[in-house]
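Asker: Below is run-v6.cif; it holds mmCIF, C-alpha atoms.
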```
data_upload
loop_
_atom_site.label_atom_id
_atom_site.label_comp_id
_atom_site.auth_asym_id
_atom_site.auth_seq_id
_atom_site.Cartn_x
_atom_site.Cartn_y
_atom_site.Cartn_z
CA MET J 22 -52.12 30.53 61.09
CA ASN J 23 -49.04 32.12 59.58
CA ASN J 24 -48.63 35.76 60.65
CA SER J 25 -47.04 36.51 57.27
CA PHE J 26 -50.63 37.12 56.22
CA TYR J 27 -50.63 40.42 58.08
CA ILE J 28 -51.84 43.34 55.94
CA ASP J 29 -51.32 46.90 57.13
CA LYS J 30 -54.58 48.85 57.39
CA ASN J 31 -52.86 51.91 55.94
CA ILE J 32 -52.95 51.34 52.18
CA GLU J 33 -50.19 53.90 51.68
CA VAL J 34 -47.64 51.62 53.33
CA ALA J 35 -49.32 48.20 53.00
CA GLU J 36 -47.87 45.29 51.06
CA THR J 37 -49.99 42.64 49.35
CA LEU J 38 -50.36 39.03 50.41
CA PRO J 39 -47.27 36.94 49.73
CA ALA J 40 -47.03 34.91 46.54
CA THR J 41 -47.35 31.70 48.57
CA PHE J 42 -51.00 32.51 49.21
CA TYR J 43 -51.67 31.88 45.51
CA THR J 44 -49.34 28.91 45.07
CA ASP J 45 -49.29 26.82 48.28
CA SER J 46 -51.68 23.84 48.32
CA ASN J 47 -51.82 23.76 52.14
CA ILE J 48 -52.93 27.38 52.27
CA PHE J 49 -55.50 26.63 49.60
CA SER J 50 -56.85 23.76 51.70
CA ASN J 51 -57.12 26.00 54.77
CA ILE J 52 -59.41 28.49 53.02
CA LYS J 53 -62.21 25.91 53.01
CA ASP J 54 -62.67 25.98 56.78
CA TYR J 55 -61.24 29.41 57.54
CA ILE J 56 -63.09 31.36 54.83
CA PHE J 57 -65.70 29.54 52.75
CA LEU J 58 -67.24 27.69 55.68
CA LYS J 59 -67.77 30.98 57.51
CA THR J 60 -69.12 33.26 54.78
CA TRP J 61 -72.30 33.66 52.71
CA HIS J 62 -72.95 32.06 49.32
CA LEU J 63 -75.48 32.70 46.59
CA VAL J 64 -77.07 29.32 45.83
CA GLY J 65 -80.33 29.96 44.05
CA ASP J 66 -83.18 32.01 42.67
CA ILE J 67 -86.64 31.64 44.21
CA LYS J 68 -88.43 31.78 40.85
CA GLU J 69 -86.10 29.21 39.30
CA ASP J 70 -85.59 26.90 42.27
CA LEU J 71 -88.33 27.25 44.93
CA GLU J 72 -91.27 28.57 42.95
CA ILE J 73 -94.05 26.84 44.94
CA GLU J 74 -94.64 25.60 48.48
CA GLY J 75 -93.41 22.08 49.11
CA THR J 76 -90.51 22.40 46.68
CA ILE J 77 -87.23 20.76 47.68
CA LYS J 78 -83.99 21.14 45.73
CA PRO J 79 -80.72 19.35 46.53
CA ILE J 80 -77.43 21.16 45.96
CA TYR J 81 -73.76 20.44 46.58
CA LEU J 82 -72.17 23.61 47.91
CA TYR J 83 -69.10 24.04 45.66
CA ASP J 84 -69.02 20.53 44.29
CA GLY J 85 -65.38 19.44 44.07
CA PHE J 86 -64.32 21.92 46.77
CA LEU J 87 -66.50 22.12 49.90
CA ASN J 88 -68.64 19.20 48.70
CA GLU J 89 -71.37 19.88 51.26
CA PRO J 90 -74.72 18.18 50.45
CA LEU J 91 -77.64 20.49 51.25
CA ILE J 92 -81.36 20.83 50.59
CA LEU J 93 -83.12 24.10 49.79
CA VAL J 94 -86.73 23.97 51.01
CA ARG J 95 -89.85 26.07 50.65
CA ASN J 96 -92.19 24.53 53.21
CA TYR J 97 -95.96 24.68 53.47
CA GLU J 98 -95.80 27.62 55.86
CA ASN J 99 -94.09 29.50 52.98
CA ASN J 100 -90.79 29.64 54.85
CA TYR J 101 -87.41 29.09 53.21
CA LEU J 102 -84.91 26.71 54.81
CA CYS J 103 -81.54 25.19 54.15
CA LEU J 104 -81.13 21.71 55.60
CA SER J 105 -78.44 19.04 55.56
CA ASN J 106 -79.07 16.46 52.84
CA VAL J 107 -77.56 13.70 55.02
CA CYS J 108 -79.76 11.26 56.92
CA THR J 109 -79.06 11.39 60.64
CA HIS J 110 -79.26 7.60 60.91
CA ARG J 111 -76.48 6.25 58.69
CA GLY J 112 -75.45 9.20 56.52
CA ASN J 113 -77.35 8.37 53.33
CA ILE J 114 -78.05 11.21 50.87
CA LEU J 115 -81.77 11.91 51.19
CA VAL J 116 -82.80 13.88 48.10
CA ASN J 117 -81.32 13.38 44.65
CA SER J 118 -83.51 15.58 42.47
CA LYS J 119 -85.75 18.63 42.71
CA SER J 120 -89.19 17.51 43.91
CA LYS J 121 -92.48 18.62 45.44
CA LEU J 122 -92.93 16.61 48.63
CA LYS J 123 -94.96 16.41 51.84
CA LYS J 124 -92.07 14.86 53.75
CA ILE J 125 -88.46 13.81 53.25
CA SER J 126 -87.89 10.04 53.29
CA CYS J 127 -84.63 8.11 53.39
CA ASN J 128 -84.57 5.28 50.87
CA TYR J 129 -82.01 3.31 52.90
CA HIS J 130 -83.82 2.48 56.18
CA GLY J 131 -87.04 4.49 55.98
CA ARG J 132 -86.34 7.40 58.34
CA GLN J 133 -88.66 10.36 57.63
CA PHE J 134 -88.45 14.10 58.25
CA ASP J 135 -90.94 16.92 57.88
CA LEU J 136 -90.11 19.95 55.74
CA ASN J 137 -88.68 21.74 58.78
CA GLY J 138 -86.09 18.96 59.16
CA LYS J 139 -87.65 17.32 62.23
CA MET J 140 -87.51 13.52 62.33
CA ILE J 141 -91.09 12.24 62.40
CA TYR J 142 -90.76 8.49 61.87
CA MET J 143 -88.18 5.69 62.17
CA PRO J 144 -88.98 1.97 61.89
CA GLU J 145 -87.51 -0.67 64.22
CA PHE J 146 -86.43 1.81 66.91
CA ASN J 147 -89.11 1.03 69.51
CA LYS J 148 -86.55 -0.41 71.92
CA ALA J 149 -83.98 2.36 71.47
CA LYS J 150 -83.48 4.32 74.69
CA ASN J 151 -83.24 8.12 74.81
CA PHE J 152 -84.58 8.28 71.26
CA PRO J 153 -85.27 10.52 69.46
CA THR J 154 -83.20 13.57 70.41
CA ASP J 155 -82.44 16.81 68.58
CA LYS J 156 -79.48 15.03 67.00
CA ASP J 157 -81.93 12.96 64.99
CA ASN J 158 -83.29 16.06 63.25
CA LEU J 159 -81.65 17.44 60.13
CA ILE J 160 -79.17 20.23 60.74
CA SER J 161 -80.54 23.59 59.64
CA PHE J 162 -78.27 26.30 58.24
CA PRO J 163 -78.77 30.08 58.08
CA ILE J 164 -80.59 31.29 54.96
CA GLU J 165 -81.24 34.83 53.68
CA ILE J 166 -83.29 36.11 50.75
CA LEU J 167 -82.16 39.23 48.85
CA ASN J 168 -84.99 41.38 47.46
CA ASP J 169 -87.46 38.44 47.42
CA LYS J 170 -85.31 36.96 44.66
CA PHE J 171 -81.89 35.48 45.45
CA ILE J 172 -81.16 32.74 48.00
CA PHE J 173 -78.05 32.98 50.20
CA ILE J 174 -76.90 30.37 52.70
CA SER J 175 -73.98 29.95 55.08
CA LEU J 176 -72.70 26.92 56.96
CA ASN J 177 -71.30 28.89 59.91
CA PRO J 178 -71.45 32.66 59.24
CA LEU J 179 -69.12 35.02 61.05
CA PHE J 180 -71.03 38.10 59.89
CA SER J 181 -74.54 39.17 59.04
CA LEU J 182 -75.87 39.95 55.56
CA ASP J 183 -78.01 42.80 56.88
CA SER J 184 -75.80 45.70 55.77
CA PHE J 185 -75.22 44.13 52.34
CA LYS J 186 -78.95 43.66 51.79
CA LYS J 187 -79.72 47.16 53.07
CA GLU J 188 -77.15 48.77 50.76
CA ILE J 189 -78.43 47.01 47.65
CA GLN J 190 -82.06 47.64 48.52
CA SER J 191 -81.27 51.32 49.06
CA ARG J 192 -79.13 52.02 46.00
CA LEU J 193 -80.97 49.66 43.62
CA SER J 194 -84.52 50.20 44.85
CA PHE J 195 -85.50 51.53 41.42
CA LEU J 196 -84.51 48.26 39.74
CA PRO J 197 -87.40 45.78 39.19
CA PHE J 198 -85.87 42.66 40.75
CA ASN J 199 -89.11 40.75 40.15
CA GLN J 200 -88.65 41.30 36.40
CA LEU J 201 -85.12 39.90 36.26
CA ILE J 202 -85.29 36.78 34.09
CA LEU J 203 -82.46 34.25 33.91
CA ASP J 204 -81.18 33.87 30.35
CA SER J 205 -79.62 30.40 30.28
CA ALA J 206 -78.30 30.92 26.75
CA LYS J 207 -76.22 33.89 27.91
CA SER J 208 -75.10 32.18 31.14
CA ARG J 209 -71.97 30.06 31.09
CA ASP J 210 -68.96 28.75 33.01
CA TYR J 211 -65.34 29.71 32.38
CA LEU J 212 -62.31 27.74 33.52
CA VAL J 213 -59.44 29.99 34.54
CA LYS J 214 -55.97 28.51 35.07
CA ALA J 215 -55.26 30.63 38.12
CA ASN J 216 -55.90 30.79 41.85
CA TRP J 217 -59.42 31.96 42.70
CA ALA J 218 -58.11 34.93 44.71
CA LEU J 219 -56.14 36.29 41.74
CA TYR J 220 -59.40 36.43 39.81
CA VAL J 221 -60.99 38.37 42.69
CA ASP J 222 -57.96 40.68 42.94
CA ASN J 223 -58.36 41.55 39.28
CA TYR J 224 -62.10 42.20 39.62
CA LEU J 225 -61.67 44.54 42.56
CA GLU J 226 -59.81 47.30 40.75
CA GLY J 227 -60.38 49.41 37.68
CA PHE J 228 -56.67 50.15 37.50
CA HIS J 229 -56.10 47.67 34.68
CA ILE J 230 -59.00 48.79 32.48
CA PRO J 231 -57.08 51.14 30.13
CA TRP J 232 -54.42 48.48 29.48
CA VAL J 233 -56.42 45.24 29.46
CA HIS J 234 -59.88 46.36 28.26
CA PRO J 235 -59.56 49.02 25.54
CA ASP J 236 -63.21 48.74 24.46
CA LEU J 237 -64.53 48.87 28.01
CA ASN J 238 -62.28 51.86 28.60
CA LYS J 239 -64.13 53.72 25.84
CA ALA J 240 -67.47 53.08 27.55
CA LEU J 241 -66.26 54.18 31.02
CA ASP J 242 -64.77 57.40 32.32
CA TYR J 243 -61.64 56.00 33.93
CA SER J 244 -60.84 59.24 35.75
CA SER J 245 -64.15 59.04 37.65
CA TYR J 246 -63.96 55.34 38.61
CA SER J 247 -64.47 54.92 42.38
CA THR J 248 -64.60 52.26 45.10
CA ILE J 249 -66.60 52.33 48.34
CA THR J 250 -65.71 49.75 51.01
CA PHE J 251 -68.02 48.35 53.69
CA ASP J 252 -67.32 45.77 56.39
CA TYR J 253 -67.58 42.62 54.28
CA PHE J 254 -68.35 43.89 50.80
CA ASN J 255 -67.49 46.76 48.52
CA LEU J 256 -68.90 48.67 45.56
CA GLN J 257 -67.14 49.91 42.45
CA ILE J 258 -68.99 52.59 40.51
CA GLY J 259 -68.37 52.89 36.79
CA ILE J 260 -69.18 56.28 35.28
CA GLY J 261 -70.23 56.17 31.64
CA SER J 262 -68.53 58.18 28.93
CA SER J 263 -71.96 58.74 27.36
CA GLY J 264 -75.35 59.25 28.95
CA ASP J 265 -76.82 56.73 26.49
CA TYR J 266 -75.03 53.95 28.35
CA CYS J 267 -76.25 54.87 31.83
CA PHE J 268 -78.98 54.26 34.39
CA ASP J 269 -81.96 56.62 34.42
CA LEU J 270 -81.77 57.29 38.14
CA PRO J 271 -84.84 58.63 39.96
CA THR J 272 -84.89 62.04 41.62
CA GLY J 273 -83.57 61.79 45.17
CA HIS J 274 -81.28 58.84 44.42
CA ILE J 275 -77.89 59.07 46.15
CA ASP J 276 -76.18 59.15 42.73
CA TYR J 277 -78.76 61.31 40.96
CA GLY J 278 -77.15 63.50 38.31
CA LYS J 279 -74.23 61.10 37.74
CA GLN J 280 -73.82 59.07 34.56
CA ILE J 281 -73.69 55.63 36.21
CA ALA J 282 -72.91 52.92 33.66
CA ALA J 283 -72.50 50.08 36.17
CA TYR J 284 -72.63 49.19 39.84
CA TYR J 285 -70.15 46.42 40.65
CA TYR J 286 -70.87 44.84 44.04
CA TRP J 287 -68.54 42.28 45.59
CA LEU J 288 -69.38 40.18 48.67
CA PHE J 289 -66.51 38.51 50.49
CA PRO J 290 -65.06 36.19 49.45
CA ASN J 291 -66.15 35.29 45.91
CA LEU J 292 -69.42 36.83 44.69
CA MET J 293 -69.84 39.65 42.18
CA LEU J 294 -73.19 41.30 41.37
CA ASN J 295 -72.81 43.54 38.33
CA PHE J 296 -75.80 45.80 37.70
CA TYR J 297 -76.22 47.39 34.27
CA PRO J 298 -79.08 49.35 32.66
CA TRP J 299 -80.23 46.09 31.03
CA GLY J 300 -80.14 43.92 34.16
CA LEU J 301 -77.69 41.90 36.25
CA SER J 302 -74.64 39.76 35.56
CA ILE J 303 -73.55 37.52 38.43
CA ASN J 304 -70.05 36.04 38.77
CA ILE J 305 -69.54 33.23 41.27
CA VAL J 306 -65.84 32.41 41.65
CA LYS J 307 -65.50 28.72 42.54
CA PRO J 308 -62.10 27.35 43.63
CA ILE J 309 -61.16 23.96 42.18
CA ASN J 310 -57.51 23.64 43.14
CA VAL J 311 -54.66 25.98 43.96
CA ASN J 312 -54.25 27.10 40.34
CA LEU J 313 -57.61 26.33 38.73
CA THR J 314 -60.89 28.21 39.13
CA LYS J 315 -64.36 27.95 37.64
CA VAL J 316 -66.23 31.23 37.21
CA SER J 317 -69.97 30.82 36.75
CA TYR J 318 -71.68 33.67 34.92
CA LEU J 319 -75.45 34.06 35.38
CA THR J 320 -77.21 36.60 33.17
CA TYR J 321 -80.49 38.16 34.34
CA ILE J 322 -82.24 40.51 31.91
CA TYR J 323 -85.13 42.93 32.31
CA ASP J 324 -84.48 45.30 29.36
CA GLU J 325 -82.91 43.44 26.47
CA SER J 326 -82.98 46.54 24.24
CA LYS J 327 -80.06 47.97 26.25
CA MET J 328 -77.79 44.93 26.09
CA ASP J 329 -75.80 46.04 23.04
CA ILE J 330 -74.59 49.38 24.38
CA GLY J 331 -72.24 50.53 27.12
CA ALA J 332 -70.15 48.68 29.69
CA GLY J 333 -72.65 45.85 29.97
CA SER J 334 -72.44 44.91 26.29
CA LEU J 335 -68.85 43.62 26.46
CA LEU J 336 -69.07 40.87 29.06
CA ASP J 337 -67.70 37.91 27.11
CA LYS J 338 -64.85 39.94 25.59
CA VAL J 339 -63.94 41.44 28.97
CA GLU J 340 -63.99 37.99 30.59
CA ARG J 341 -61.59 36.58 28.00
CA GLU J 342 -59.25 39.54 28.46
CA ASP J 343 -59.35 39.07 32.23
CA GLU J 344 -58.64 35.35 31.89
CA THR J 345 -55.52 36.04 29.86
CA VAL J 346 -54.03 38.52 32.27
CA VAL J 347 -54.95 36.56 35.43
CA GLU J 348 -53.42 33.37 34.03
CA ASN J 349 -50.24 35.32 33.27
CA VAL J 350 -50.17 36.62 36.84
CA GLN J 351 -50.52 33.05 38.15
CA LYS J 352 -47.38 32.16 36.21
CA GLY J 353 -45.64 35.24 37.56
CA VAL J 354 -46.37 34.65 41.25
CA ASN J 355 -44.72 31.23 40.89
CA SER J 356 -41.43 32.97 40.23
CA ARG J 357 -38.68 32.31 42.78
CA PHE J 358 -37.97 36.04 42.80
CA TYR J 359 -41.45 37.48 43.40
CA ASN J 360 -42.89 37.76 46.90
CA LYS J 361 -45.11 40.81 47.52
CA GLY J 362 -46.28 43.94 45.76
CA ARG J 363 -47.73 47.29 46.83
CA PHE J 364 -51.21 48.81 46.46
CA SER J 365 -52.10 51.91 44.49
CA PRO J 366 -53.72 54.12 47.18
CA THR J 367 -56.07 55.63 44.59
CA MET J 368 -57.01 52.65 42.40
CA GLU J 369 -56.59 49.48 44.50
CA LYS J 370 -58.73 50.18 47.55
CA GLY J 371 -60.89 47.16 46.75
CA VAL J 372 -57.93 44.79 46.51
CA HIS J 373 -56.52 46.13 49.78
CA HIS J 374 -59.92 45.60 51.39
CA PHE J 375 -59.99 41.99 50.12
CA HIS J 376 -56.50 41.26 51.45
CA LEU J 377 -57.40 42.74 54.83
CA LEU J 378 -60.38 40.38 55.06
CA LEU J 379 -58.34 37.38 53.94
CA SER J 380 -55.73 38.20 56.56
CA LYS J 381 -58.39 38.63 59.22
CA PHE J 382 -60.08 35.28 58.52
CA LEU J 383 -56.89 33.30 58.00
CA ASN J 384 -55.47 34.46 61.32
CA LEU J 385 -58.63 33.65 63.27
CA LYS J 386 -59.61 30.48 65.02
CA GLU J 387 -62.57 31.86 66.90
CA LYS J 388 -65.69 33.81 65.92
CA VAL J 389 -65.09 37.44 64.95
#
```
Give the structure from the file, written as structure tokens.

Answerer:
Amino acid sequence: MNNSFYIDKNIEVAETLPATFYTDSNIFSNIKDYIFLKTWHLVGDIKEDLEIEGTIKPIYLYDGFLNEPLILVRNYENNYLCLSNVCTHRGNILVNSKSKLKKISCNYHGRQFDLNGKMIYMPEFNKAKNFPTDKDNLISFPIEILNDKFIFISLNPLFSLDSFKKEIQSRLSFLPFNQLILDSAKSRDYLVKANWALYVDNYLEGFHIPWVHPDLNKALDYSSYSTITFDYFNLQIGIGSSGDYCFDLPTGHIDYGKQIAAYYYWLFPNLMLNFYPWGLSINIVKPINVNLTKVSYLTYIYDESKMDIGAGSLLDKVEREDETVVENVQKGVNSRFYNKGRFSPTMEKGVHHFHLLLSKFLNLKEKV
């Protein structure tokens, strides 16, 4: 890959990614295999998608982008699996709707698989030599469950989710994940006329809040805004301007005594988990083309009485404000006279962290 994607580890001297990263269609195409193929993706909710044993749900991982047909499975041993949704005989799609099944059957030539993906039957193959082999089984992909709730999968992960899961379980152990209920009426998709990474850049810093989000700025103490970086994820902590807007943290919590209005977690490359006193807002940033992105918002509530106060009460307004500024930046990076910028060492640690990871993955051809 192009070594112009080098990012200095010292934020005090580092320059951002070049404008071509956000505007070049070839670079955009490369991120499929170099980044999205090798990272983790939130694809479901056990209660919503795999509530009982024997449940199978087909998904297309980033339909219109990666276009990978997969099956989420909860088998009769109560294990969760992610399998290819492509028959190993002639490539037919196996499952077209969520179902409760004993086995997976292909409606093209009758090949059958058990709920672990093993081929168990194939008509008219009695004379086939060296058959079956492992190649006749469905490919299985890594799957992880966060807090007995959220389903993550990866096609070819270059890192583990262990530290991410441990951090959330540690800092959010007081939050009743089993009481988080998806509110479909408050969940929606937004189309943003900008490169997916510009949307992530914007999310990863609170620097713009006083200028872009005046109402959010009133709910947060900008001077206390902070970012903590980990290997493949980071956390922004929003301090509330009023204790009424904040978490009631238990004694002994790492942030006990602080007025925490929001925990903003980001997992490389495109997932945001935003925890508020009322529940959780999830942003999944889905690339469509080099200058068009779909952002899916999922709203999970456990205390609706707190939804109208504080940082978590302004989500739709904040999203619209972010859309406007990010779309303007997309226009700006297309300028013939703009190439790179610099990072604020105090307020853009998260963006710098993101660019370091992008540089790392885009310059790799082998496993990290």

Asker: Could you tell me which residues the PyMOL selection byres ((chain J and resi 220-223) around 10) returns for this structure, as an NGL selection string?

Answerer: :J and (213-219 or 224-230 or 287 or 289-293 or 306 or 314 or 316 or 343-344 or 346-348 or 350-351 or 369 or 371-376)

Asker: Pick from J:Ile92, J:Tyr97, J:Leu87, J:Phe49: nearest to J:Asn312, with all atoms listed in the file counted?

Answerer: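 Among the listed residues, the smallest separation from J:Asn312 belongs to J:Phe49.
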
Asker: Report as JSON, numbers by chain the full result of the PyMOL selection byres ((chain J and resi 189) around 10) when it is applied to this structure.

Answerer: {"J": [167, 168, 184, 185, 186, 187, 188, 190, 191, 192, 193, 194, 256, 284, 286, 294]}

Asker: Emit the selected residues as a short mmCIF file (atom, residue, chain, number, x, y, z; two decimals), keeping the file's coordinate frame, including C-alpha atoms.

Answerer:
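Output contents, as saved in selection19.cif:
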```cif
data_model
loop_
_atom_site.label_atom_id
_atom_site.label_comp_id
_atom_site.auth_asym_id
_atom_site.auth_seq_id
_atom_site.Cartn_x
_atom_site.Cartn_y
_atom_site.Cartn_z
CA LEU J 167 -82.16 39.23 48.85
CA ASN J 168 -84.99 41.38 47.46
CA SER J 184 -75.80 45.70 55.77
CA PHE J 185 -75.22 44.13 52.34
CA LYS J 186 -78.95 43.66 51.79
CA LYS J 187 -79.72 47.16 53.07
CA GLU J 188 -77.15 48.77 50.76
CA GLN J 190 -82.06 47.64 48.52
CA SER J 191 -81.27 51.32 49.06
CA ARG J 192 -79.13 52.02 46.00
CA LEU J 193 -80.97 49.66 43.62
CA SER J 194 -84.52 50.20 44.85
CA LEU J 256 -68.90 48.67 45.56
CA TYR J 284 -72.63 49.19 39.84
CA TYR J 286 -70.87 44.84 44.04
CA LEU J 294 -73.19 41.30 41.37
#
```

Asker: What's the separation between atom CA of J:Leu383 and atom CA of J:Lys53, in Å to one decimal place?

Answerer: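 Straight-line distance from atom CA of J:Leu383 to atom CA of J:Lys53 works out to 10.4 Å.
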
Asker: Counting only C-alpha atoms, which of J:Leu378, J:Val94, J:Ile249, J:Leu301 gets nearest to J:Tyr55?

Answerer: J:Leu378

Asker: Here's the selection I'm unsure about, the PyMOL selection byres ((chain J and resi 124) around 8); applied to the file above, which residues does it give, as a list in words?

Answerer: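 Evaluating the PyMOL selection byres ((chain J and resi 124) around 8) on these coordinates yields Leu122, Lys123, Ile125, Ser126, Gln133, Phe134, Asp135 and Leu136 of chain J.
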
Asker: What separation in Å, quoted to one decimal, exists between atom CA of J:Ile164 and atom CA of J:Leu377?

Answerer: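 So the answer is 25.9 Å.
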
Asker: Could you pull the residues within 12 Å of J:Ile80, counting only C-alpha atoms, minus those fewer than 2 positions along the same chain, as an mmCIF file with C-alpha atoms, keeping the file's coordinate frame?

Answerer:
```cif
data_model
loop_
_atom_site.group_PDB
_atom_site.id
_atom_site.type_symbol
_atom_site.label_atom_id
_atom_site.label_comp_id
_atom_site.auth_asym_id
_atom_site.auth_seq_id
_atom_site.Cartn_x
_atom_site.Cartn_y
_atom_site.Cartn_z
ATOM 1 C CA LEU J 63 -75.480 32.700 46.590
ATOM 2 C CA VAL J 64 -77.070 29.320 45.830
ATOM 3 C CA GLY J 65 -80.330 29.960 44.050
ATOM 4 C CA ASP J 70 -85.590 26.900 42.270
ATOM 5 C CA ILE J 77 -87.230 20.760 47.680
ATOM 6 C CA LYS J 78 -83.990 21.140 45.730
ATOM 7 C CA LEU J 82 -72.170 23.610 47.910
ATOM 8 C CA TYR J 83 -69.100 24.040 45.660
ATOM 9 C CA ASP J 84 -69.020 20.530 44.290
ATOM 10 C CA LEU J 87 -66.500 22.120 49.900
ATOM 11 C CA ASN J 88 -68.640 19.200 48.700
ATOM 12 C CA GLU J 89 -71.370 19.880 51.260
ATOM 13 C CA PRO J 90 -74.720 18.180 50.450
ATOM 14 C CA LEU J 91 -77.640 20.490 51.250
ATOM 15 C CA ILE J 92 -81.360 20.830 50.590
ATOM 16 C CA LEU J 93 -83.120 24.100 49.790
ATOM 17 C CA VAL J 94 -86.730 23.970 51.010
ATOM 18 C CA CYS J 103 -81.540 25.190 54.150
ATOM 19 C CA LEU J 104 -81.130 21.710 55.600
ATOM 20 C CA SER J 105 -78.440 19.040 55.560
ATOM 21 C CA ASN J 106 -79.070 16.460 52.840
ATOM 22 C CA VAL J 107 -77.560 13.700 55.020
ATOM 23 C CA ILE J 114 -78.050 11.210 50.870
ATOM 24 C CA LEU J 115 -81.770 11.910 51.190
ATOM 25 C CA VAL J 116 -82.800 13.880 48.100
ATOM 26 C CA ASN J 117 -81.320 13.380 44.650
ATOM 27 C CA SER J 118 -83.510 15.580 42.470
ATOM 28 C CA LYS J 119 -85.750 18.630 42.710
ATOM 29 C CA ILE J 174 -76.900 30.370 52.700
#
```

Asker: With 6 Å as the threshold, what does the neighbourhood of (-87.0, 40.4, 33.7) contain in terms of residues, counting all atoms listed in the file? Coordinates are those of the file; answer as a PyMOL selection string.

Answerer: chain J and resi 200-202+322-323

Asker: As a ChimeraX atom specification, please: the residues near J:Gly131 (cut-off 8 Å, all atoms listed in the file, same-chain neighbours under 4 positions excluded).

Answerer: /J:126-127,143-144

Asker: Need to verify the contact set: J:Leu319, 9 Å, all atoms listed in the file, exclusion of same-chain residues closer than 3 positions in sequence. Can you return it as a ChimeraX atom specification?

Answerer: /J:203-205,207-210,301-305

Asker: Could you tell me which of J:Lys121, J:Asn100, J:Ile52, J:Pro308 comes closest to J:Pro79 if we count all atoms listed in the file?

Answerer: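 Counting all atoms listed in the file, the residue closest to J:Pro79 is J:Lys121.
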
Asker: Choose the residue, out of J:Tyr43, J:Pro231, J:Ala206, J:Ala35, that has the smallest atom-to-atom separation from J:Asn360; count all atoms listed in the file.

Answerer: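 Closest residue, counting all atoms listed in the file: J:Tyr43.
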
Asker: Mind listing whatever residues come within 9 Å of the point (-77.9, 54.7, 33.3)? Use all atoms listed in the file, file coordinates, and give them as a list of chain:residue names.

Answerer: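 The distance filter leaves exactly J:Gly261, J:Gly264, J:Asp265, J:Tyr266, J:Cys267, J:Phe268, J:Asp269, J:Leu270, J:Lys279, J:Gln280, J:Ile281, J:Ala282, J:Ala283, J:Tyr297, J:Pro298.
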
Asker: From the options J:Phe42, J:Tyr321, J:Phe173, J:Tyr27, which residue's atoms come nearest to J:Tyr101, counting only C-alpha atoms?

Answerer: J:Phe173

Asker: Need the shell around stretch 57-59 of chain J: protein/DNA/RNA residues with any atom at most 7 Å away, counting only C-alpha atoms. Skip same-chain ones fewer than 6 positions apart. Format as a PDB file with C-alpha atoms, in the coordinates of the input?

Answerer:
```pdb
ATOM      1  CA  SER J 175     -73.980  29.950  55.080  1.00  0.00           C
ATOM      2  CA  LEU J 176     -72.700  26.920  56.960  1.00  0.00           C
ATOM      3  CA  ASN J 177     -71.300  28.890  59.910  1.00  0.00           C
ATOM      4  CA  PRO J 178     -71.450  32.660  59.240  1.00  0.00           C
ATOM      5  CA  LEU J 179     -69.120  35.020  61.050  1.00  0.00           C
TER       6      LEU J 179
END
```

Asker: Could you work out how far atom CA of J:Val339 lies from atom CA of J:Pro235, giving the answer in Å with one decimal?

Answerer: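 Value for the atom CA of J:Pro235-atom CA of J:Val339 distance: 9.4 Å.
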
Asker: Determine the nearest neighbour of J:Leu288 from the options J:Ile67, J:His62, J:Cys108, J:Phe171, counting all atoms listed in the file.

Answerer: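 Closest to J:Leu288, using all atoms listed in the file: J:His62.
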
Asker: Around all of stretch 45-48 of chain J's listed atoms, make the axis-aligned box with 6 Å on each side and tell me centre and edge lengths in Å to one decimal, as JSON.

Answerer:
```
{"center_x": -51.1, "center_y": 25.6, "center_z": 50.3, "size_x": 15.6, "size_y": 15.6, "size_z": 16.0}
```
